[in-house]
file run-v2.cif (mmCIF, C-alpha atoms)
data_query
loop_
_atom_site.label_atom_id
_atom_site.label_comp_id
_atom_site.auth_asym_id
_atom_site.auth_seq_id
_atom_site.Cartn_x
_atom_site.Cartn_y
_atom_site.Cartn_z
CA MET A 1 0.00 0.00 0.00
CA ILE A 2 1.40 3.38 -0.98
CA PRO A 3 2.22 5.73 1.92
CA GLU A 4 0.23 8.90 2.47
CA ILE A 5 3.35 10.86 1.44
CA LEU A 6 4.49 9.92 -2.07
CA PRO A 7 7.62 7.77 -1.51
CA THR A 8 10.05 9.70 -3.73
CA TYR A 9 12.61 10.24 -0.95
CA ASN A 10 14.91 7.83 0.89
CA ARG A 11 14.49 9.58 4.22
CA THR A 12 16.80 9.17 7.20
CA PRO A 13 14.77 8.08 10.27
CA LEU A 14 15.26 11.39 12.06
CA ALA A 15 12.51 13.92 12.80
CA PHE A 16 13.37 17.38 14.06
CA ALA A 17 11.15 19.52 16.23
CA SER A 18 13.19 22.69 16.55
CA GLY A 19 16.41 24.40 15.58
CA GLN A 20 18.65 27.20 16.80
CA GLY A 21 21.68 28.48 14.94
CA ALA A 22 23.66 25.46 13.69
CA TRP A 23 21.80 22.99 15.92
CA LEU A 24 18.68 20.86 15.44
CA THR A 25 16.72 19.04 18.14
CA THR A 26 14.79 15.86 17.35
CA THR A 27 11.30 15.02 18.52
CA GLN A 28 13.07 12.77 21.06
CA GLY A 29 15.12 15.66 22.44
CA GLU A 30 18.48 14.72 20.88
CA ARG A 31 20.65 17.54 19.49
CA TYR A 32 22.43 17.33 16.13
CA LEU A 33 25.00 19.72 14.72
CA ASP A 34 23.79 20.71 11.26
CA PHE A 35 26.59 20.80 8.67
CA GLY A 36 24.03 20.56 5.85
CA ALA A 37 21.82 23.60 6.52
CA GLY A 38 18.89 22.02 4.71
CA ILE A 39 21.12 21.58 1.62
CA ALA A 40 22.53 25.13 1.77
CA VAL A 41 19.13 26.69 2.49
CA ASN A 42 19.39 27.80 6.13
CA ALA A 43 22.23 30.17 5.31
CA LEU A 44 21.68 32.33 8.39
CA GLY A 45 21.03 29.43 10.74
CA HIS A 46 17.87 27.98 12.20
CA ALA A 47 15.36 30.36 13.78
CA ASN A 48 17.51 33.40 12.99
CA PRO A 49 16.00 36.12 15.19
CA ASP A 50 16.16 38.80 12.49
CA LEU A 51 14.35 36.59 10.00
CA VAL A 52 11.82 35.40 12.58
CA ALA A 53 11.01 39.02 13.44
CA THR A 54 10.74 40.00 9.77
CA LEU A 55 8.47 37.08 8.95
CA ALA A 56 6.27 37.59 11.99
CA GLU A 57 5.89 41.30 11.32
CA GLN A 58 4.95 40.72 7.69
CA ALA A 59 2.65 37.81 8.56
CA GLY A 60 0.71 40.13 10.84
CA ARG A 61 0.10 42.55 7.97
CA LEU A 62 -0.26 40.76 4.61
CA TRP A 63 0.52 37.34 3.16
CA HIS A 64 -0.68 37.26 -0.42
CA VAL A 65 -2.41 39.44 -2.99
CA SER A 66 -1.14 37.98 -6.34
CA ASN A 67 0.80 39.74 -9.07
CA LEU A 68 -2.34 41.44 -10.33
CA TYR A 69 -1.23 44.27 -8.04
CA GLN A 70 1.91 46.10 -7.06
CA ILE A 71 3.73 44.48 -4.14
CA PRO A 72 5.98 46.91 -2.23
CA GLU A 73 7.92 44.09 -0.52
CA GLN A 74 8.69 42.58 -3.94
CA GLU A 75 9.83 45.94 -5.29
CA ARG A 76 12.13 46.41 -2.30
CA ALA A 77 13.69 42.97 -2.64
CA ALA A 78 14.19 43.52 -6.36
CA SER A 79 15.82 46.90 -5.77
CA LEU A 80 18.29 45.36 -3.33
CA LEU A 81 19.21 42.54 -5.70
CA VAL A 82 19.66 44.89 -8.64
CA ALA A 83 21.77 47.25 -6.52
CA HIS A 84 24.15 44.49 -5.42
CA THR A 85 24.48 42.45 -8.63
CA PHE A 86 24.97 42.70 -12.38
CA ALA A 87 21.21 42.55 -12.97
CA ASP A 88 18.86 45.17 -14.35
CA THR A 89 15.71 43.23 -13.49
CA CYS A 90 14.48 40.19 -11.60
CA PHE A 91 11.49 37.86 -11.36
CA PHE A 92 10.61 36.08 -8.12
CA THR A 93 9.81 32.38 -8.07
CA ASN A 94 9.09 29.87 -5.31
CA SER A 95 12.08 27.59 -5.98
CA GLY A 96 15.24 27.00 -7.94
CA THR A 97 13.45 24.65 -10.30
CA GLU A 98 10.99 27.37 -11.23
CA ALA A 99 13.93 29.71 -11.76
CA LEU A 100 15.41 27.21 -14.24
CA GLU A 101 12.15 27.11 -16.17
CA LEU A 102 12.12 30.88 -16.57
CA ALA A 103 15.81 31.05 -17.45
CA VAL A 104 15.21 28.60 -20.32
CA LYS A 105 12.14 30.51 -21.49
CA MET A 106 13.97 33.83 -21.30
CA ALA A 107 16.91 32.61 -23.37
CA ARG A 108 14.68 31.17 -26.08
CA ARG A 109 12.37 34.19 -26.09
CA HIS A 110 15.42 36.41 -26.51
CA TRP A 111 16.39 34.69 -29.76
CA HIS A 112 12.78 34.54 -30.97
CA ALA A 113 12.50 38.32 -30.56
CA ALA A 114 15.84 38.76 -32.32
CA GLY A 115 14.50 36.92 -35.39
CA ARG A 116 16.74 33.89 -34.74
CA PRO A 117 14.35 31.27 -33.30
CA GLU A 118 16.62 28.48 -34.52
CA ARG A 119 19.09 29.41 -31.75
CA SER A 120 17.05 27.45 -29.22
CA THR A 121 19.67 24.87 -28.17
CA ILE A 122 21.13 25.33 -24.69
CA ILE A 123 24.47 23.78 -23.76
CA THR A 124 24.59 22.03 -20.37
CA PHE A 125 27.24 19.96 -18.59
CA GLU A 126 27.70 16.49 -17.17
CA GLY A 127 27.21 16.29 -13.42
CA ALA A 128 24.88 19.28 -13.31
CA PHE A 129 21.69 19.53 -11.31
CA HIS A 130 19.10 22.16 -12.19
CA GLY A 131 15.98 20.71 -10.54
CA ARG A 132 13.43 17.99 -11.29
CA SER A 133 10.94 19.64 -13.64
CA SER A 134 10.59 18.40 -17.21
CA ALA A 135 12.95 21.05 -18.56
CA ALA A 136 15.44 20.55 -15.73
CA ILE A 137 15.81 16.81 -16.19
CA ALA A 138 16.03 17.20 -19.97
CA ALA A 139 18.81 19.74 -19.45
CA VAL A 140 20.82 17.26 -17.39
CA GLY A 141 19.89 14.18 -19.40
CA THR A 142 21.25 11.49 -17.07
CA PRO A 143 19.42 8.14 -16.91
CA LYS A 144 18.98 8.51 -13.14
CA MET A 145 17.00 11.70 -13.69
CA THR A 146 15.18 10.85 -16.92
CA GLU A 147 14.31 7.14 -16.81
CA GLY A 148 10.58 6.65 -17.31
CA PHE A 149 9.87 10.28 -18.19
CA ALA A 150 10.19 10.15 -21.97
CA PRO A 151 9.67 11.90 -24.29
CA LEU A 152 12.12 14.46 -22.98
CA LEU A 153 11.97 18.10 -23.97
CA PRO A 154 14.35 18.76 -26.86
CA GLY A 155 16.82 21.58 -27.21
CA PHE A 156 19.62 20.69 -24.81
CA LEU A 157 23.18 19.61 -25.61
CA GLN A 158 25.13 17.96 -22.78
CA LEU A 159 28.91 18.29 -22.73
CA PRO A 160 31.57 16.79 -20.44
CA TRP A 161 32.25 18.90 -17.34
CA ASP A 162 35.00 21.46 -17.84
CA ASP A 163 35.85 20.22 -21.37
CA MET A 164 36.73 23.54 -22.91
CA ALA A 165 37.65 22.03 -26.28
CA ALA A 166 34.20 20.44 -26.58
CA LEU A 167 32.56 23.71 -25.59
CA ASP A 168 34.65 25.72 -28.04
CA GLU A 169 33.40 23.50 -30.85
CA ALA A 170 29.77 23.23 -29.75
CA ILE A 171 29.13 26.88 -28.98
CA HIS A 172 29.81 27.84 -32.59
CA ARG A 173 26.93 25.71 -33.86
CA PRO A 174 24.27 27.91 -35.48
CA ASP A 175 21.49 26.49 -33.30
CA VAL A 176 23.16 27.26 -29.93
CA GLY A 177 21.70 30.22 -28.09
CA ALA A 178 22.81 29.81 -24.48
CA VAL A 179 25.08 28.03 -22.01
CA ILE A 180 23.92 27.07 -18.53
CA LEU A 181 26.23 25.95 -15.73
CA GLU A 182 26.86 25.99 -11.99
CA PRO A 183 30.08 27.81 -11.05
CA VAL A 184 30.37 25.18 -8.32
CA GLN A 185 28.46 21.97 -8.90
CA GLY A 186 26.66 20.88 -5.74
CA GLU A 187 24.84 17.60 -6.40
CA GLY A 188 27.64 16.73 -8.82
CA GLY A 189 30.14 16.51 -5.98
CA ILE A 190 31.28 20.05 -5.02
CA ARG A 191 33.14 20.62 -8.28
CA PRO A 192 34.24 24.25 -8.76
CA LEU A 193 34.81 25.44 -12.30
CA PRO A 194 38.27 27.07 -12.44
CA ASP A 195 38.09 30.85 -12.69
CA HIS A 196 40.06 30.90 -15.92
CA ASP A 197 37.59 28.51 -17.52
CA LEU A 198 34.64 30.59 -16.40
CA ARG A 199 36.31 33.63 -17.93
CA ARG A 200 36.86 31.66 -21.14
CA ILE A 201 33.20 30.65 -21.25
CA ARG A 202 32.18 34.29 -20.82
CA SER A 203 34.50 35.21 -23.68
CA LEU A 204 33.05 32.50 -25.94
CA CYS A 205 29.52 33.70 -25.18
CA ASP A 206 30.53 37.26 -26.04
CA GLU A 207 32.13 36.05 -29.25
CA THR A 208 29.10 34.06 -30.42
CA GLY A 209 26.29 36.06 -28.82
CA ALA A 210 25.18 33.08 -26.73
CA LEU A 211 23.64 33.99 -23.40
CA LEU A 212 25.49 32.86 -20.28
CA ILE A 213 23.07 31.46 -17.68
CA LEU A 214 24.54 30.75 -14.24
CA ASP A 215 22.79 28.46 -11.79
CA GLU A 216 23.76 29.86 -8.39
CA VAL A 217 20.90 28.21 -6.55
CA GLN A 218 23.31 26.34 -4.25
CA CYS A 219 26.60 28.20 -4.62
CA GLY A 220 25.14 31.71 -4.44
CA MET A 221 24.04 33.96 -1.56
CA GLY A 222 27.36 34.12 0.24
CA ARG A 223 28.04 30.39 0.20
CA THR A 224 31.54 30.71 -1.38
CA GLY A 225 32.51 33.88 0.49
CA LYS A 226 31.32 36.26 -2.22
CA LEU A 227 27.66 37.20 -2.62
CA PHE A 228 27.72 35.08 -5.79
CA ALA A 229 30.35 32.55 -6.84
CA HIS A 230 30.95 34.03 -10.30
CA GLU A 231 32.38 37.16 -8.67
CA TRP A 232 35.60 35.26 -7.90
CA ALA A 233 36.27 35.04 -11.66
CA GLY A 234 35.50 38.71 -12.25
CA ILE A 235 32.75 38.01 -14.79
CA THR A 236 29.01 38.54 -14.95
CA PRO A 237 26.27 36.37 -16.50
CA ASP A 238 23.38 37.43 -18.67
CA ILE A 239 20.86 35.44 -16.61
CA MET A 240 21.22 33.95 -13.14
CA MET A 241 19.10 31.57 -11.09
CA VAL A 242 18.94 32.10 -7.33
CA ALA A 243 17.08 30.24 -4.56
CA LYS A 244 17.96 28.24 -1.40
CA GLY A 245 19.91 30.74 0.74
CA ILE A 246 18.03 33.82 -0.47
CA GLY A 247 15.11 32.90 1.79
CA GLY A 248 17.14 31.62 4.73
CA GLY A 249 14.70 28.70 4.94
CA PHE A 250 11.60 30.38 3.54
CA PRO A 251 10.73 29.15 0.03
CA VAL A 252 11.69 31.81 -2.50
CA GLY A 253 13.78 31.97 -5.66
CA ALA A 254 14.57 34.51 -8.34
CA VAL A 255 15.84 34.97 -11.85
CA LEU A 256 18.16 37.94 -12.28
CA ALA A 257 18.95 39.23 -15.75
CA THR A 258 20.37 42.05 -17.82
CA GLU A 259 18.02 44.21 -19.85
CA HIS A 260 19.56 42.76 -23.02
CA ALA A 261 18.65 39.19 -22.02
CA ALA A 262 15.25 39.98 -20.51
CA ALA A 263 13.80 42.62 -22.85
CA ALA A 264 11.58 40.14 -24.72
CA MET A 265 9.83 39.00 -21.54
CA THR A 266 6.87 41.30 -21.86
CA ALA A 267 3.48 41.26 -20.11
CA GLY A 268 1.87 37.82 -20.35
CA SER A 269 5.05 35.98 -21.30
CA HIS A 270 5.51 34.50 -17.81
CA GLY A 271 3.81 34.51 -14.43
CA SER A 272 3.44 32.94 -11.01
CA THR A 273 0.56 32.91 -8.56
CA TYR A 274 2.70 32.74 -5.42
CA GLY A 275 6.01 34.02 -6.75
CA GLY A 276 7.03 37.33 -5.21
CA ASN A 277 4.45 37.20 -2.43
CA PRO A 278 4.85 39.71 0.43
CA LEU A 279 5.95 37.08 2.98
CA ALA A 280 8.70 35.63 0.80
CA CYS A 281 9.97 38.99 -0.40
CA ALA A 282 10.06 40.55 3.05
CA VAL A 283 12.32 37.71 4.17
CA ALA A 284 14.45 37.78 0.99
CA ALA A 285 15.01 41.51 1.35
CA ARG A 286 16.18 41.06 4.93
CA VAL A 287 18.54 38.24 3.91
CA VAL A 288 20.09 40.43 1.21
CA GLU A 289 20.46 43.31 3.66
CA MET A 290 22.23 41.08 6.17
CA MET A 291 24.53 39.45 3.62
CA THR A 292 25.55 42.78 2.08
CA ASP A 293 26.54 44.24 5.42
CA PRO A 294 30.26 45.10 4.97
CA ASP A 295 31.31 42.75 7.78
CA PHE A 296 29.31 39.70 6.71
CA LEU A 297 31.19 38.16 3.78
CA PRO A 298 34.71 38.74 5.20
CA GLU A 299 33.55 36.79 8.26
CA VAL A 300 32.25 33.97 6.04
CA ARG A 301 35.67 33.79 4.37
CA ARG A 302 37.44 33.71 7.73
CA LYS A 303 35.23 30.87 8.97
CA ALA A 304 35.73 29.04 5.67
CA GLY A 305 39.48 29.10 6.20
CA LEU A 306 39.10 27.72 9.70
CA LEU A 307 36.80 24.93 8.55
CA ARG A 308 38.90 24.00 5.54
CA GLN A 309 42.06 23.80 7.62
CA GLY A 310 40.29 21.45 10.01
CA LEU A 311 38.96 19.27 7.20
CA GLU A 312 42.44 19.02 5.69
CA GLY A 313 43.59 17.82 9.08
CA LEU A 314 40.91 15.12 9.05
CA VAL A 315 42.14 13.92 5.65
CA ALA A 316 45.70 13.70 6.98
CA THR A 317 44.57 11.86 10.11
CA HIS A 318 42.18 9.45 8.38
CA PRO A 319 43.63 8.68 4.94
CA GLN A 320 41.78 5.37 4.87
CA VAL A 321 38.45 7.26 5.06
CA PHE A 322 39.07 10.58 3.29
CA ALA A 323 41.04 11.37 0.14
CA GLY A 324 40.85 15.15 0.00
CA VAL A 325 38.91 18.39 0.38
CA ARG A 326 37.38 20.37 -2.45
CA GLY A 327 35.14 23.39 -2.85
CA SER A 328 35.07 27.07 -1.96
CA GLY A 329 34.05 29.10 1.07
CA LEU A 330 31.52 27.22 3.19
CA MET A 331 30.59 25.01 0.25
CA LEU A 332 33.06 22.21 0.88
CA GLY A 333 33.26 18.54 0.08
CA LEU A 334 35.12 15.66 1.68
CA GLU A 335 36.28 13.12 -0.89
CA CYS A 336 35.56 9.70 0.59
CA ARG A 337 37.40 6.41 0.13
CA MET A 338 34.43 4.58 1.65
CA PRO A 339 30.81 4.57 0.45
CA VAL A 340 29.32 8.01 0.96
CA ALA A 341 26.23 6.56 2.63
CA ASP A 342 28.44 4.89 5.25
CA VAL A 343 30.25 8.15 6.01
CA VAL A 344 27.00 10.10 6.34
CA ALA A 345 25.57 7.38 8.61
CA ALA A 346 28.71 7.42 10.78
CA GLY A 347 28.17 11.15 11.17
CA HIS A 348 24.60 10.53 12.30
CA ALA A 349 25.94 8.22 14.99
CA GLU A 350 28.03 11.16 16.24
CA HIS A 351 25.05 13.53 15.94
CA ILE A 352 26.36 15.55 13.02
CA LEU A 353 24.51 16.02 9.73
CA THR A 354 26.20 16.16 6.32
CA VAL A 355 24.80 15.87 2.79
CA PRO A 356 25.69 13.15 0.27
CA ALA A 357 26.68 14.07 -3.27
CA ALA A 358 27.95 12.37 -6.40
CA ASP A 359 31.59 11.62 -7.18
CA GLY A 360 32.21 10.00 -3.77
CA VAL A 361 31.79 13.25 -1.84
CA ILE A 362 29.92 14.34 1.27
CA ARG A 363 28.93 17.99 1.32
CA ILE A 364 29.85 20.24 4.24
CA LEU A 365 27.38 23.16 4.11
CA PRO A 366 27.02 24.73 7.56
CA PRO A 367 25.12 27.97 8.15
CA LEU A 368 27.19 30.97 7.10
CA THR A 369 26.72 32.34 10.61
CA ILE A 370 28.14 29.27 12.37
CA PRO A 371 30.22 30.23 15.45
CA ASP A 372 33.85 29.14 15.66
CA GLU A 373 33.10 26.84 18.57
CA ASP A 374 30.54 24.95 16.50
CA ILE A 375 33.08 24.53 13.71
CA THR A 376 35.49 23.05 16.25
CA GLU A 377 32.76 20.80 17.63
CA GLY A 378 31.76 19.66 14.14
CA LEU A 379 35.33 18.75 13.26
CA ALA A 380 35.62 16.73 16.47
CA ARG A 381 32.45 14.82 15.63
CA LEU A 382 33.62 14.14 12.08
CA ASP A 383 36.92 12.92 13.54
CA SER A 384 35.03 10.51 15.82
CA ALA A 385 32.93 9.29 12.90
CA ALA A 386 36.06 8.66 10.80
CA THR A 387 37.72 6.86 13.70
CA ALA A 388 34.74 4.54 13.97
CA LEU A 389 34.80 3.85 10.22
CA GLY A 390 38.52 3.12 10.26
CA ARG A 391 38.34 0.42 12.90
#

call {"tool": "encode", "arguments": {"input": "run-v2.cif", "output": "structure tokens"}}
result
Amino acid sequence: MIPEILPTYNRTPLAFASGQGAWLTTTQGERYLDFGAGIAVNALGHANPDLVATLAEQAGRLWHVSNLYQIPEQERAASLLVAHTFADTCFFTNSGTEALELAVKMARRHWHAAGRPERSTIITFEGAFHGRSSAAIAAVGTPKMTEGFAPLLPGFLQLPWDDMAALDEAIHRPDVGAVILEPVQGEGGIRPLPDHDLRRIRSLCDETGALLILDEVQCGMGRTGKLFAHEWAGITPDIMMVAKGIGGGFPVGAVLATEHAAAAMTAGSHGSTYGGNPLACAVAARVVEMMTDPDFLPEVRRKAGLLRQGLEGLVATHPQVFAGVRGSGLMLGLECRMPVADVVAAGHAEHILTVPAADGVIRILPPLTIPDEDITEGLARLDSAATALGR
């Protein structure tokens, strides 16, 4: 008999009743140190008092009116994002998957308006993850994501990850209109694209006119120590997908774009009933305000250095369990010599939460506000977990 909740998840038998900062408490009263942050969502920690106050204040005034009307909270959030990024405009969604759908539509609409509708093919890369909608799984194209869901949407060309020669050849095809990639792959195993390659991709897009779409759903919003990961390479995209951390735990996403890329998205070309609602946008605006405080990102980078140094020490101490550390900022991965599921489970036994990924990696994604003492405690628990695995 099918469960009341559709069984599409392999859930760990843990249920949490409350959270505070980097800690979660189960319904049985046990405390776990959260080095996953809801898969990089709870960027400012659980029950952040600023976000709780913002949400409660907005909830007492207005939840939803629809986009038939002007929404001051949405306008404020958009103004903040435009002021602190490359973008000229933005559209609010409820998730990263919805942001992917609009990014694809925007790129194709751009070329339709330009009189070049044949430039509808979008280049994607092996190991990517852009969500689970029909367009998102077609973009990735892996059997794990697509089996049983044929026919897939056409118009995507998958290339090997970081194969610049393959990209150089493919991007010159007359049907290619855009390139979409994650500056740091999350689900794919915490794989950062080298800065010089990201600059080369930007150059190829400029040369051919292809739009550069960056998926910063997981690696954006301060996760790498910059507000957005592409800033490390000194480039800007034409379109960018944002979600996860922008709501600090409240469901909200956005598509940011230049006027050049977005100009064809006129009235009636896209919409969302819930997207940009007052509750979500009040929280998103507060998150952006907090993350753009001059002291915030330098502190993220300092903590990232402390955590990475500790993880490197774990690799040196437990070479039979760990092979290396990869990633950027507080988006780090431990390369495992043992099955990832075993390493995650050993962490559970020590009351620390991590996130599995592909390529034999566990993701280390603590809140960006994690105190130093919790970093130290987390490293000690990972050390105990590795010791148990190495016996």

call {"tool": "atom_distance", "arguments": {"input": "run-v2.cif", "atom1": "atom CA of A:Ile122", "atom2": "atom CA of A:Gly177"}}
result
6.0 Å

call {"tool": "resolve_selection", "arguments": {"input": "run-v2.cif", "expression": "the PyMOL selection byres ((chain A and resi 372) around 12)", "output": "mmCIF file with C-alpha atoms, keeping the file's coordinate frame"}}
result
data_model
loop_
_atom_site.group_PDB
_atom_site.id
_atom_site.type_symbol
_atom_site.label_atom_id
_atom_site.label_comp_id
_atom_site.auth_asym_id
_atom_site.auth_seq_id
_atom_site.Cartn_x
_atom_site.Cartn_y
_atom_site.Cartn_z
ATOM 1 C CA ALA A 22 23.660 25.460 13.690
ATOM 2 C CA GLU A 299 33.550 36.790 8.260
ATOM 3 C CA VAL A 300 32.250 33.970 6.040
ATOM 4 C CA ARG A 302 37.440 33.710 7.730
ATOM 5 C CA LYS A 303 35.230 30.870 8.970
ATOM 6 C CA ALA A 304 35.730 29.040 5.670
ATOM 7 C CA GLY A 305 39.480 29.100 6.200
ATOM 8 C CA LEU A 306 39.100 27.720 9.700
ATOM 9 C CA LEU A 307 36.800 24.930 8.550
ATOM 10 C CA GLY A 310 40.290 21.450 10.010
ATOM 11 C CA PRO A 366 27.020 24.730 7.560
ATOM 12 C CA PRO A 367 25.120 27.970 8.150
ATOM 13 C CA LEU A 368 27.190 30.970 7.100
ATOM 14 C CA THR A 369 26.720 32.340 10.610
ATOM 15 C CA ILE A 370 28.140 29.270 12.370
ATOM 16 C CA PRO A 371 30.220 30.230 15.450
ATOM 17 C CA GLU A 373 33.100 26.840 18.570
ATOM 18 C CA ASP A 374 30.540 24.950 16.500
ATOM 19 C CA ILE A 375 33.080 24.530 13.710
ATOM 20 C CA THR A 376 35.490 23.050 16.250
ATOM 21 C CA GLU A 377 32.760 20.800 17.630
ATOM 22 C CA GLY A 378 31.760 19.660 14.140
ATOM 23 C CA LEU A 379 35.330 18.750 13.260
#

call {"tool": "closest_residue", "arguments": {"input": "run-v2.cif", "among": "A:His46, A:Lys105, A:Arg200, A:His318", "to": "A:Gly271", "atoms": "only C-alpha atoms"}}
result
A:Lys105

call {"tool": "closest_residue", "arguments": {"input": "run-v2.cif", "among": "A:Pro143, A:Gly188, A:Gly248, A:Pro183", "to": "A:Leu212", "atoms": "all atoms listed in the file"}}
result
A:Pro183

call {"tool": "closest_residue", "arguments": {"input": "run-v2.cif", "among": "A:Met164, A:Cys205, A:Ala316, A:Val41", "to": "A:Val217", "atoms": "all atoms listed in the file"}}
result
A:Val41

call {"tool": "closest_residue", "arguments": {"input": "run-v2.cif", "among": "A:Gly390, A:Gly141, A:Gly253, A:Gly234", "to": "A:Asp195", "atoms": "all atoms listed in the file"}}
result
A:Gly234

call {"tool": "closest_residue", "arguments": {"input": "run-v2.cif", "among": "A:Met106, A:Ile352, A:Ala380, A:Met145", "to": "A:Asp34", "atoms": "only C-alpha atoms"}}
result
A:Ile352

call {"tool": "closest_residue", "arguments": {"input": "run-v2.cif", "among": "A:Gln309, A:Thr121, A:Thr8, A:Ser272", "to": "A:Ala107", "atoms": "all atoms listed in the file"}}
result
A:Thr121

call {"tool": "residues_around", "arguments": {"input": "run-v2.cif", "residues": "A:Leu68", "least_positions_apart": "3", "cutoff": "10 Å", "atoms": "all atoms listed in the file", "output": "PDB file with C-alpha atoms, keeping the file's coordinate frame"}}
result
ATOM      1  CA  VAL A  65      -2.410  39.440  -2.990  1.00  0.00           C
ATOM      2  CA  ILE A  71       3.730  44.480  -4.140  1.00  0.00           C
ATOM      3  CA  THR A 273       0.560  32.910  -8.560  1.00  0.00           C
TER       4      THR A 273
END

call {"tool": "resolve_selection", "arguments": {"input": "run-v2.cif", "expression": "the PyMOL selection byres ((chain A and resi 260-266) around 10)", "output": "PDB file with C-alpha atoms, in the frame of the given file"}}
result
ATOM      1  CA  ALA A  87      21.210  42.550 -12.970  1.00  0.00           C
ATOM      2  CA  ASP A  88      18.860  45.170 -14.350  1.00  0.00           C
ATOM      3  CA  THR A  89      15.710  43.230 -13.490  1.00  0.00           C
ATOM      4  CA  CYS A  90      14.480  40.190 -11.600  1.00  0.00           C
ATOM      5  CA  LEU A 102      12.120  30.880 -16.570  1.00  0.00           C
ATOM      6  CA  ALA A 103      15.810  31.050 -17.450  1.00  0.00           C
ATOM      7  CA  LYS A 105      12.140  30.510 -21.490  1.00  0.00           C
ATOM      8  CA  MET A 106      13.970  33.830 -21.300  1.00  0.00           C
ATOM      9  CA  ALA A 107      16.910  32.610 -23.370  1.00  0.00           C
ATOM     10  CA  ARG A 108      14.680  31.170 -26.080  1.00  0.00           C
ATOM     11  CA  ARG A 109      12.370  34.190 -26.090  1.00  0.00           C
ATOM     12  CA  HIS A 110      15.420  36.410 -26.510  1.00  0.00           C
ATOM     13  CA  TRP A 111      16.390  34.690 -29.760  1.00  0.00           C
ATOM     14  CA  HIS A 112      12.780  34.540 -30.970  1.00  0.00           C
ATOM     15  CA  ALA A 113      12.500  38.320 -30.560  1.00  0.00           C
ATOM     16  CA  ALA A 114      15.840  38.760 -32.320  1.00  0.00           C
ATOM     17  CA  LEU A 211      23.640  33.990 -23.400  1.00  0.00           C
ATOM     18  CA  LEU A 212      25.490  32.860 -20.280  1.00  0.00           C
ATOM     19  CA  ILE A 213      23.070  31.460 -17.680  1.00  0.00           C
ATOM     20  CA  PRO A 237      26.270  36.370 -16.500  1.00  0.00           C
ATOM     21  CA  ASP A 238      23.380  37.430 -18.670  1.00  0.00           C
ATOM     22  CA  ILE A 239      20.860  35.440 -16.610  1.00  0.00           C
ATOM     23  CA  LEU A 256      18.160  37.940 -12.280  1.00  0.00           C
ATOM     24  CA  ALA A 257      18.950  39.230 -15.750  1.00  0.00           C
ATOM     25  CA  THR A 258      20.370  42.050 -17.820  1.00  0.00           C
ATOM     26  CA  GLU A 259      18.020  44.210 -19.850  1.00  0.00           C
ATOM     27  CA  ALA A 267       3.480  41.260 -20.110  1.00  0.00           C
ATOM     28  CA  GLY A 268       1.870  37.820 -20.350  1.00  0.00           C
ATOM     29  CA  SER A 269       5.050  35.980 -21.300  1.00  0.00           C
ATOM     30  CA  HIS A 270       5.510  34.500 -17.810  1.00  0.00           C
TER      31      HIS A 270
END

call {"tool": "resolve_selection", "arguments": {"input": "run-v2.cif", "expression": "the PyMOL selection byres ((chain A and resi 64) around 12)", "output": "PDB file with C-alpha atoms, in the coordinates of the input"}}
result
ATOM      1  CA  GLN A  58       4.950  40.720   7.690  1.00  0.00           C
ATOM      2  CA  ALA A  59       2.650  37.810   8.560  1.00  0.00           C
ATOM      3  CA  GLY A  60       0.710  40.130  10.840  1.00  0.00           C
ATOM      4  CA  ARG A  61       0.100  42.550   7.970  1.00  0.00           C
ATOM      5  CA  LEU A  62      -0.260  40.760   4.610  1.00  0.00           C
ATOM      6  CA  TRP A  63       0.520  37.340   3.160  1.00  0.00           C
ATOM      7  CA  VAL A  65      -2.410  39.440  -2.990  1.00  0.00           C
ATOM      8  CA  SER A  66      -1.140  37.980  -6.340  1.00  0.00           C
ATOM      9  CA  ASN A  67       0.800  39.740  -9.070  1.00  0.00           C
ATOM     10  CA  LEU A  68      -2.340  41.440 -10.330  1.00  0.00           C
ATOM     11  CA  TYR A  69      -1.230  44.270  -8.040  1.00  0.00           C
ATOM     12  CA  GLN A  70       1.910  46.100  -7.060  1.00  0.00           C
ATOM     13  CA  ILE A  71       3.730  44.480  -4.140  1.00  0.00           C
ATOM     14  CA  PRO A  72       5.980  46.910  -2.230  1.00  0.00           C
ATOM     15  CA  GLU A  73       7.920  44.090  -0.520  1.00  0.00           C
ATOM     16  CA  GLN A  74       8.690  42.580  -3.940  1.00  0.00           C
ATOM     17  CA  THR A 273       0.560  32.910  -8.560  1.00  0.00           C
ATOM     18  CA  TYR A 274       2.700  32.740  -5.420  1.00  0.00           C
ATOM     19  CA  GLY A 275       6.010  34.020  -6.750  1.00  0.00           C
ATOM     20  CA  GLY A 276       7.030  37.330  -5.210  1.00  0.00           C
ATOM     21  CA  ASN A 277       4.450  37.200  -2.430  1.00  0.00           C
ATOM     22  CA  PRO A 278       4.850  39.710   0.430  1.00  0.00           C
ATOM     23  CA  LEU A 279       5.950  37.080   2.980  1.00  0.00           C
ATOM     24  CA  ALA A 280       8.700  35.630   0.800  1.00  0.00           C
ATOM     25  CA  CYS A 281       9.970  38.990  -0.400  1.00  0.00           C
ATOM     26  CA  ALA A 282      10.060  40.550   3.050  1.00  0.00           C
TER      27      ALA A 282
END

call {"tool": "residues_near_point", "arguments": {"input": "run-v2.cif", "point": "(30.7, 33.9, -16.0)", "cutoff": "7 Å", "atoms": "only C-alpha atoms", "output": "compact mmCIF listing (two decimals) with C-alpha atoms, in the coordinates of the input"}}
result
# COMPACT_ATOMS: atom_id res chain seq x y z
CA LEU A 198 34.64 30.59 -16.40
CA ARG A 199 36.31 33.63 -17.93
CA ILE A 201 33.20 30.65 -21.25
CA ARG A 202 32.18 34.29 -20.82
CA LEU A 212 25.49 32.86 -20.28
CA HIS A 230 30.95 34.03 -10.30
CA ILE A 235 32.75 38.01 -14.79
CA THR A 236 29.01 38.54 -14.95
CA PRO A 237 26.27 36.37 -16.50
